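Structure record follows, encoded as structure tokens.
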Amino acid sequence: MTKFVFITGGVCSSLGKGITTASLGALLLARGYTVKLRKLEQYLNIDSGTMSPIQHGEVFVTKDGLETDLDLGHYERFTGIDATKDDYITMGMVYNQVLKKERRGDYLGATVQIIPHVTDEIKQFITKDSEVVDFVLCEIGGTVGDIEGQAFLEAARQIRIDLGTEKTIFVHLTLIPYMSTSGETKTKPTQHSVKWLQSLGIQPDLLLCRSERDIEKNALAKIALFCNVPQKRVIIGRTAEDIYQVPLMYHEAGLDTEVCSYFNMKNNVNLNNIKVSVASRKEKCGSNIVKIGIVGKYLELKDAYKSLIEAIRHAGFALNASLEIHYLDSEKYTKKDLSILNAIVIAGGFGHRGAEGKINAIQYARENKVPLLGICLGMQLSVIEFLRHVVGIPKAGSTEFEKTPEPAIGLITEWEHFEGYKTKGSTQQKGGTMRLGAYKCELKENSLVAQLYNHHTIQERHRHRYEVNKERYGAQMEANGMIISGTSPDGELPEIVELKNHPFFVGVQFHPELKSRPFEPHPLFVGLLKAGMDKI
Ligand code: GLN
């Protein structure tokens, strides 16, 4: 019978609930159990697509096209399980659903309320198709006490009543601060956050105490006593040097052992099966450092490029490479910043700001034969740069930025020939109207990418509105040495461009970083890094 693990957070945000959920998932998998990882996000946004990456980090896209927050990326990278639309819900989606039902007359006669209508909607999400796995891990976003998240906690409380303690466990993540003035660890914030949970009818079964240092036995005993949790289930969650070592650390601290013994489940863990920790533990080869630059404009918050940074690191694990990632603000970097790099990634993005700086970096990489990977907007700008400076169309541009007589990049709806692609970009609505999720792409024989992928057909995840206008500019691009080496199966939409006569110059309309895992690095990033290593 399926067990439900609810993961809540107290005291403050950024304690690593996402990494904890992902790590517990990896540990249960290593014990041979099956899992689903789900996130309940308390915001009223209907999805994460319209949220600023500078406030919230990157928008992660599932293969079936849902725009979610970056925790789903951790889930996938730690467990190797592709998330779907059934694994992420925001409070906005919940209300949207309830209000739609109300309009449709589904509740006819009833007064529509948080309890039971909103909570029932949440319970349906949590339990959907749960019977096919041993565990559903359910991360409740936000911090206990946030007004937006209360209905999630209430739904979880009801599930505990419905299914009983044999099938539900509440894991509460909390912070144990250290006061250097008195030389003490402090348990009071934890006591308060547990009290808050209790006042909502939830008694945590296991406390995971996040701490920068070891916690003394007597402090743990105090937490157990005041929070009403057996001492063996008060577990220290030390901060790890590398996120991929967290599963192993949590295992050593007893997390999965206690969760399994709570449920009387007997499978042992095989440490070699914690794939994520094994893959990331490889020795780095030392002195030769590959310097990879990310040219982007959302650099105030590194989480805006979370999957990208991780994908580069995964390639590093595969090649045993020591990496140095340089962040170049597309509006501020200098020639000198570029000149020390062994490889460059042009990140995706939206809007005109910063685009010209990215184009200059692309020109530099093309002319100086520095390995380059252009992602999404990065690919579109590679095409613009090539048309402007090689083909000789100085006004080549994108209609995303401004009206242009040479719309190399545009909405399909702006073209003469767009049968079959009409829906995208054709409404005034912003949210959820892009080409989202996994699409097939056919690779050209003998191209660099066909070699790297070692396949004819691939599937990659998309998140964009604009496309390269192959019909109008494709022939000129190819005649001058920019090969369209990947297209949609109907041949209409360029998915990949690459340059002949360059060690590694690849632009992709999709986001390869979303599919990279520590134990399954993405071929494009491995290719880029290899080419970069040759440049040292
Ligand atoms: N702004 C571009 C588009 O919408 C690229 C998006 C991206 O880089 N993810 O097509």
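The chains in the structure tokens are called A, B, ... from first to last as shown; in each chain the residues are counted from 1, and the ligands are counted from 1 in the order shown.
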**Item:** Residue neighbourhood range 315-332 of chain A, 6 Å, only C-alpha atoms, exclusion window fewer than 5 positions, as a VMD selection string
**Value:** chain A and resid 284 to 285 289 to 297 354 357 to 358 521 525 to 526
Would you mind exporting C-alpha atoms of the selected residues as an mmCIF file, in the first residue's frame?
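Once written, part32.cif looks like this:
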data_model
loop_
_atom_site.group_PDB
_atom_site.id
_atom_site.type_symbol
_atom_site.label_atom_id
_atom_site.label_comp_id
_atom_site.auth_asym_id
_atom_site.auth_seq_id
_atom_site.Cartn_x
_atom_site.Cartn_y
_atom_site.Cartn_z
ATOM 1 C CA LYS A 284 38.603 15.761 -10.485
ATOM 2 C CA CYS A 285 41.690 15.512 -12.646
ATOM 3 C CA ILE A 289 40.922 23.983 -15.221
ATOM 4 C CA VAL A 290 38.342 24.478 -17.963
ATOM 5 C CA LYS A 291 36.894 27.978 -17.850
ATOM 6 C CA ILE A 292 33.326 28.070 -19.086
ATOM 7 C CA GLY A 293 31.504 31.376 -19.404
ATOM 8 C CA ILE A 294 27.745 31.784 -19.143
ATOM 9 C CA VAL A 295 26.598 34.948 -20.882
ATOM 10 C CA GLY A 296 23.222 35.943 -19.480
ATOM 11 C CA LYS A 297 21.214 38.779 -18.008
ATOM 12 C CA GLY A 354 21.156 42.308 -23.236
ATOM 13 C CA GLY A 357 25.914 41.945 -25.848
ATOM 14 C CA LYS A 358 25.128 38.293 -26.464
ATOM 15 C CA PRO A 521 25.212 13.881 -18.577
ATOM 16 C CA PHE A 525 27.372 19.682 -22.688
ATOM 17 C CA VAL A 526 29.874 16.843 -22.787
#
**Given 7 Å and only C-alpha atoms and all ligand atoms, residues near ligand 1 as a list in words** = Ala347, Gly348, Gly349, Phe350, Gly351, Ile375, Cys376, Leu377, Gly378, Glu400, Arg463, His464, Arg465, Tyr466 and Glu467 of chain A
Export of the given selection (N, CA and C atoms) as an mmCIF file, in the first residue's frame:
data_model
loop_
_atom_site.group_PDB
_atom_site.id
_atom_site.type_symbol
_atom_site.label_atom_id
_atom_site.label_comp_id
_atom_site.auth_asym_id
_atom_site.auth_seq_id
_atom_site.Cartn_x
_atom_site.Cartn_y
_atom_site.Cartn_z
ATOM 1 N N ALA A 347 23.081 31.949 -22.796
ATOM 2 C CA ALA A 347 21.873 31.465 -22.131
ATOM 3 C C ALA A 347 20.614 31.971 -22.835
ATOM 4 N N GLY A 348 19.505 31.311 -22.568
ATOM 5 C CA GLY A 348 18.212 31.740 -23.087
ATOM 6 C C GLY A 348 17.757 33.009 -22.391
ATOM 7 N N GLY A 349 16.663 33.552 -22.847
ATOM 8 C CA GLY A 349 16.143 34.748 -22.199
ATOM 9 C C GLY A 349 15.022 35.365 -23.010
ATOM 10 N N PHE A 350 14.490 36.441 -22.481
ATOM 11 C CA PHE A 350 13.340 37.090 -23.116
ATOM 12 C C PHE A 350 13.599 38.590 -23.238
ATOM 13 N N GLY A 351 13.192 39.165 -24.352
ATOM 14 C CA GLY A 351 13.271 40.616 -24.538
ATOM 15 C C GLY A 351 14.599 41.082 -25.095
ATOM 16 N N ILE A 375 21.795 28.588 -26.391
ATOM 17 C CA ILE A 375 20.569 27.912 -25.963
ATOM 18 C C ILE A 375 19.359 28.811 -26.175
ATOM 19 N N CYS A 376 18.390 28.332 -26.917
ATOM 20 C CA CYS A 376 17.111 28.999 -27.160
ATOM 21 C C CYS A 376 17.332 30.408 -27.712
ATOM 22 N N LEU A 377 17.176 31.455 -26.894
ATOM 23 C CA LEU A 377 17.483 32.796 -27.410
ATOM 24 C C LEU A 377 18.930 32.833 -27.897
ATOM 25 N N GLY A 378 19.805 32.105 -27.241
ATOM 26 C CA GLY A 378 21.220 32.039 -27.642
ATOM 27 C C GLY A 378 21.362 31.498 -29.063
ATOM 28 N N GLU A 400 10.712 39.819 -31.820
ATOM 29 C CA GLU A 400 10.524 39.908 -30.368
ATOM 30 C C GLU A 400 11.064 41.251 -29.859
ATOM 31 N N ARG A 463 10.816 25.942 -24.560
ATOM 32 C CA ARG A 463 10.070 27.005 -23.868
ATOM 33 C C ARG A 463 10.333 28.318 -24.597
ATOM 34 N N HIS A 464 9.627 28.514 -25.672
ATOM 35 C CA HIS A 464 9.841 29.734 -26.450
ATOM 36 C C HIS A 464 8.644 30.011 -27.344
ATOM 37 N N ARG A 465 8.614 31.218 -27.847
ATOM 38 C CA ARG A 465 7.503 31.655 -28.673
ATOM 39 C C ARG A 465 7.971 31.866 -30.120
ATOM 40 N N TYR A 466 9.212 32.276 -30.264
ATOM 41 C CA TYR A 466 9.727 32.675 -31.584
ATOM 42 C C TYR A 466 10.513 31.539 -32.224
ATOM 43 N N GLU A 467 10.628 31.598 -33.571
ATOM 44 C CA GLU A 467 11.324 30.544 -34.315
ATOM 45 C C GLU A 467 12.217 31.184 -35.373
#
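Proximity to Phe4 in chain A at 7 Å, evaluated using only C-alpha atoms and with sequence-adjacent residues fewer than 5 positions away removed, yields A:Phe135, A:Val136, A:Leu137, A:Lys167, A:Thr168, A:Ile169.
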Could you make a table, as a Markdown table, of the residues of range 153-228 of chain A that have an atom within 12 Å of an atom of range 37-45 of chain A, each with its nearest atom pair and distance in Å to one decimal, counting only C-alpha atoms, in chain and number order?
| residue | atom | partner | partner_atom | distance |
| --- | --- | --- | --- | --- |
| A:Leu153 | CA | A:Leu40 | CA | 10.0 |
| A:Ala155 | CA | A:Leu40 | CA | 11.0 |
| A:Ala156 | CA | A:Leu40 | CA | 10.8 |
Can you spit out the residues from that selection as a PDB file, in the first residue's frame, using C-alpha atoms?
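Saved as selection31.pdb:
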ATOM      1  CA  LEU A 153      -1.511  21.720   5.335  1.00  0.00           C
ATOM      2  CA  ALA A 155      -5.494  18.832   3.093  1.00  0.00           C
ATOM      3  CA  ALA A 156      -2.460  16.892   4.351  1.00  0.00           C
TER       4      ALA A 156
END
**Item:** Spatial neighbours of Gln150 in chain A, max dist 12 Å, only C-alpha atoms, sep filter under 2 positions, as a PyMOL selection string
**Value:** chain A and resi 8+40-43+91+114-115+118-119+122+140-148+152-157+196-197+199-202
